[in-house]
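Beneath this line is the structure, given in structure tokens, with notes to follow.
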Amino acid sequence: MSAMTERRLWWAIGANIVLTFVQILGGLISGSLSLIADALHNFSDAATLIIAMVAIRIGRRPADKQKTFGYKRAETIAALINLTSLIIIGLYLIIEAMKRFYAPVPIEGGIVIVVAGIALAVDLFTALLTYRASKTSMNIKAAFIHNMTDAMASVGVILAGILILLFGWLWVDAVITLIIAGYVLWQGFAQMPKAIHLLMDGAPEHIVIKDVIAALENQDGVKDAHHVHIRQLDEHRIALEAHIVIEGISNIDDLKTTIKRLLQEEFSIGHSTLEFEITRCE
């Protein structure tokens, strides 16, 4: 991550934190739960960026005796923390919204519209700041998507404020809150399996192990490939280990070079550990 990109992200974090306090204050003064819901979502975005940036810095540390594969998975752990907090926030908002249906409170629609309008401008600004970094990082991409959807949520809150101001429909505030909460939960539950899959040493979704085995066995001098395990070390690196039964040992170095090039070019597997055998092991 370049220094310019890091500065942009800090600007985005600062903007989201300031916006969170403005929205919470506006929500308390106006009585709007949807405004507070949008504020919590914005705060989760700021927290997501902070945790992601800390994880990226940790991930830069080189491998050592304790972490021989390095620290890149710190970013995946950060993503899991952020997604868990997102789900907790979503469930909390649903509970609070249901309470509002049974016990509505007075809401100042004018304040809601003004604060949500400010939020919309800040959300678009922070989305612009994170757009470039989102192309190379799963964590930052998630934050960018959150900022864009925050902008859409702010539009919903503005709509709620207008309807309350014109028609006195207090229930619209709870409905918008439920919509925001539903989206938050959908994002959390949709992304969490990906983080867990990576932490569980899962194989990349775009790689079929049978295809890898077939490609290995199609190489001249290879009789069989077994004990093939593929896992994703982090967001960008894939590792493989395999036992390769060969016809002879005279060309083993050339064969190893050929196989490693094949794995890199066809499957983007950059870290491979190969064990060559004359006969298939049990």
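Every chain in the structure tokens takes a letter, A first, then B, and so on in the order presented; its residues are numbered from 1, and the ligands are numbered from 1 following the presented order.
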
Based on the backbone DSSP call, show me all residues of range 2-143 of chain A assigned helix (DSSP H, G or I), as JSON, numbers by chain. {"A": [3, 4, 5, 6, 7, 8, 9, 10, 11, 12, 13, 14, 15, 16, 17, 18, 19, 20, 21, 22, 23, 24, 25, 26, 27, 28, 29, 30, 33, 34, 35, 36, 37, 38, 39, 40, 41, 42, 43, 44, 45, 46, 47, 48, 49, 50, 51, 52, 53, 54, 55, 56, 57, 58, 59, 74, 75, 76, 77, 78, 79, 80, 81, 82, 83, 84, 85, 86, 87, 88, 89, 90, 91, 92, 93, 94, 95, 96, 97, 98, 99, 100, 101, 102, 109, 110, 111, 112, 113, 114, 115, 116, 117, 118, 119, 120, 121, 122, 123, 124, 125, 126, 127, 128, 129, 130, 131, 133, 134, 135, 138, 139, 140, 141, 142, 143]}

Using 9 Å as the limit and counting only C-alpha atoms, can you tabulate each residue of range 80-186 of chain A that touches range 16-30 of chain A, with its shortest atom-to-atom distance in Å and the two atoms involved, as JSON lines?
```
{"residue": "A:Pro106", "atom": "CA", "partner": "A:Ser30", "partner_atom": "CA", "distance": 7.8}
{"residue": "A:Ile107", "atom": "CA", "partner": "A:Ser30", "partner_atom": "CA", "distance": 5.2}
{"residue": "A:Glu108", "atom": "CA", "partner": "A:Ser30", "partner_atom": "CA", "distance": 4.5}
{"residue": "A:Gly109", "atom": "CA", "partner": "A:Ser30", "partner_atom": "CA", "distance": 7.2}
{"residue": "A:Gly110", "atom": "CA", "partner": "A:Ser30", "partner_atom": "CA", "distance": 8.3}
{"residue": "A:Ile111", "atom": "CA", "partner": "A:Ser30", "partner_atom": "CA", "distance": 6.0}
{"residue": "A:Val112", "atom": "CA", "partner": "A:Ser30", "partner_atom": "CA", "distance": 6.5}
{"residue": "A:Val114", "atom": "CA", "partner": "A:Gly26", "partner_atom": "CA", "distance": 9.0}
{"residue": "A:Val115", "atom": "CA", "partner": "A:Gln23", "partner_atom": "CA", "distance": 6.3}
{"residue": "A:Ala116", "atom": "CA", "partner": "A:Gln23", "partner_atom": "CA", "distance": 7.5}
{"residue": "A:Ile118", "atom": "CA", "partner": "A:Leu19", "partner_atom": "CA", "distance": 8.1}
{"residue": "A:Ala119", "atom": "CA", "partner": "A:Leu19", "partner_atom": "CA", "distance": 6.5}
{"residue": "A:Val122", "atom": "CA", "partner": "A:Leu19", "partner_atom": "CA", "distance": 7.3}
{"residue": "A:Asp123", "atom": "CA", "partner": "A:Asn16", "partner_atom": "CA", "distance": 7.7}
{"residue": "A:Thr126", "atom": "CA", "partner": "A:Asn16", "partner_atom": "CA", "distance": 7.6}
```

Neighbour list for Val184 in chain A as a PyMOL selection string, cut-off 8 Å, only C-alpha atoms, skip fewer than 5 positions in-chain: chain A and resi 41+86-87+89-90

Next, dump the selected residues to file, keeping only N, CA and C atoms, as an mmCIF file, in the first residue's frame.
```cif
data_model
loop_
_atom_site.group_PDB
_atom_site.id
_atom_site.type_symbol
_atom_site.label_atom_id
_atom_site.label_comp_id
_atom_site.auth_asym_id
_atom_site.auth_seq_id
_atom_site.Cartn_x
_atom_site.Cartn_y
_atom_site.Cartn_z
ATOM 1 N N HIS A 41 -23.792 1.896 11.188
ATOM 2 C CA HIS A 41 -23.217 1.291 9.986
ATOM 3 C C HIS A 41 -21.977 2.061 9.546
ATOM 4 N N LEU A 86 -20.415 -6.693 12.481
ATOM 5 C CA LEU A 86 -21.477 -6.252 11.583
ATOM 6 C C LEU A 86 -22.779 -7.013 11.854
ATOM 7 N N ILE A 87 -22.663 -8.323 12.071
ATOM 8 C CA ILE A 87 -23.838 -9.145 12.362
ATOM 9 C C ILE A 87 -24.467 -8.754 13.695
ATOM 10 N N ILE A 89 -24.364 -5.812 15.127
ATOM 11 C CA ILE A 89 -25.042 -4.526 14.918
ATOM 12 C C ILE A 89 -26.376 -4.733 14.208
ATOM 13 N N GLY A 90 -26.393 -5.588 13.187
ATOM 14 C CA GLY A 90 -27.628 -5.854 12.452
ATOM 15 C C GLY A 90 -28.723 -6.423 13.338
#
```

Between A:Ile51, A:Ala46, A:Leu274, A:Leu263, which one has atoms that come closest to Ile246 in chain A, using only C-alpha atoms? A:Leu274

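Shell of Ala242 in chain A at 10 Å, with only C-alpha atoms counted and residues fewer than 2 places along the chain excluded, is Ile213, Leu216, Ala225, His226, His227, Val228, His229, Ile230, Leu240, Ile244, Val245, Ser272, Thr273, Leu274, Glu275 and Phe276 of chain A.
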
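Across A:Thr48, A:Asn147, A:Gln219, A:Thr130, the tightest approach to Arg261 in chain A is made by A:Gln219 when counting only C-alpha atoms.
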
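Counting only C-alpha atoms, the residue from A:Ile158, A:Ala239, A:Leu91, A:Leu170 that sits nearest to Trp186 in chain A is A:Leu91.
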
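Taking only C-alpha atoms into account, Arg280 in chain A lies nearest to A:His243 out of the set A:Lys99, A:Arg61, A:His236, A:His243.
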
Tell me which protein, DNA and RNA residues are within 10 Å of Glu6 in chain A, counting only C-alpha atoms, leaving out same-chain ones fewer than 5 positions away, and put them as a ChimeraX atom specification. /A:1,11-12,53,129-130,133

Okay, now the selection with C-alpha atoms, as an mmCIF file, in the first residue's frame?
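Printed below is result-v8.cif as written:
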```cif
data_model
loop_
_atom_site.group_PDB
_atom_site.id
_atom_site.type_symbol
_atom_site.label_atom_id
_atom_site.label_comp_id
_atom_site.auth_asym_id
_atom_site.auth_seq_id
_atom_site.Cartn_x
_atom_site.Cartn_y
_atom_site.Cartn_z
ATOM 1 C CA MET A 1 0.000 0.000 0.000
ATOM 2 C CA TRP A 11 -9.060 10.606 5.525
ATOM 3 C CA ALA A 12 -11.883 8.124 4.927
ATOM 4 C CA MET A 53 -5.079 -1.123 7.999
ATOM 5 C CA LEU A 129 -11.182 7.797 -1.369
ATOM 6 C CA THR A 130 -11.292 4.000 -1.030
ATOM 7 C CA ALA A 133 -7.296 0.689 -2.963
#
```

Would you compute the distance between CA of Asp45 in chain A and CA of Ile176 in chain A? Give it in Å to one decimal. 19.0 Å

Contacts of range 64-80 of chain A within 7 Å, only C-alpha atoms, excl. fewer than 6 positions in-chain, as a PyMOL selection string: chain A and resi 51-52+55-56+58+139+192+195+234

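CA of Lys210 in chain A lies 21.9 Å from CA of Ile278 in chain A.
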
Do a neighbour search on Asp201 in chain A at 7 Å with only C-alpha atoms, toss out local chain neighbours closer than 4 positions, and write the hits as number ranges by chain. A: 197, 231-232

Per DSSP on the backbone, filter range 75-266 of chain A down to the residues in strand (DSSP E or B) and report them as a ChimeraX atom specification. /A:222-232,238-246

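Interatomic distance, CA of Leu9 in chain A against CA of Ser44 in chain A: 14.5 Å.
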
Please determine, counting only C-alpha atoms, which residue among A:Ile238, A:Ile94, A:Ala47, A:Asn42 has the shortest atom-to-atom distance to Ala181 in chain A. A:Ile94
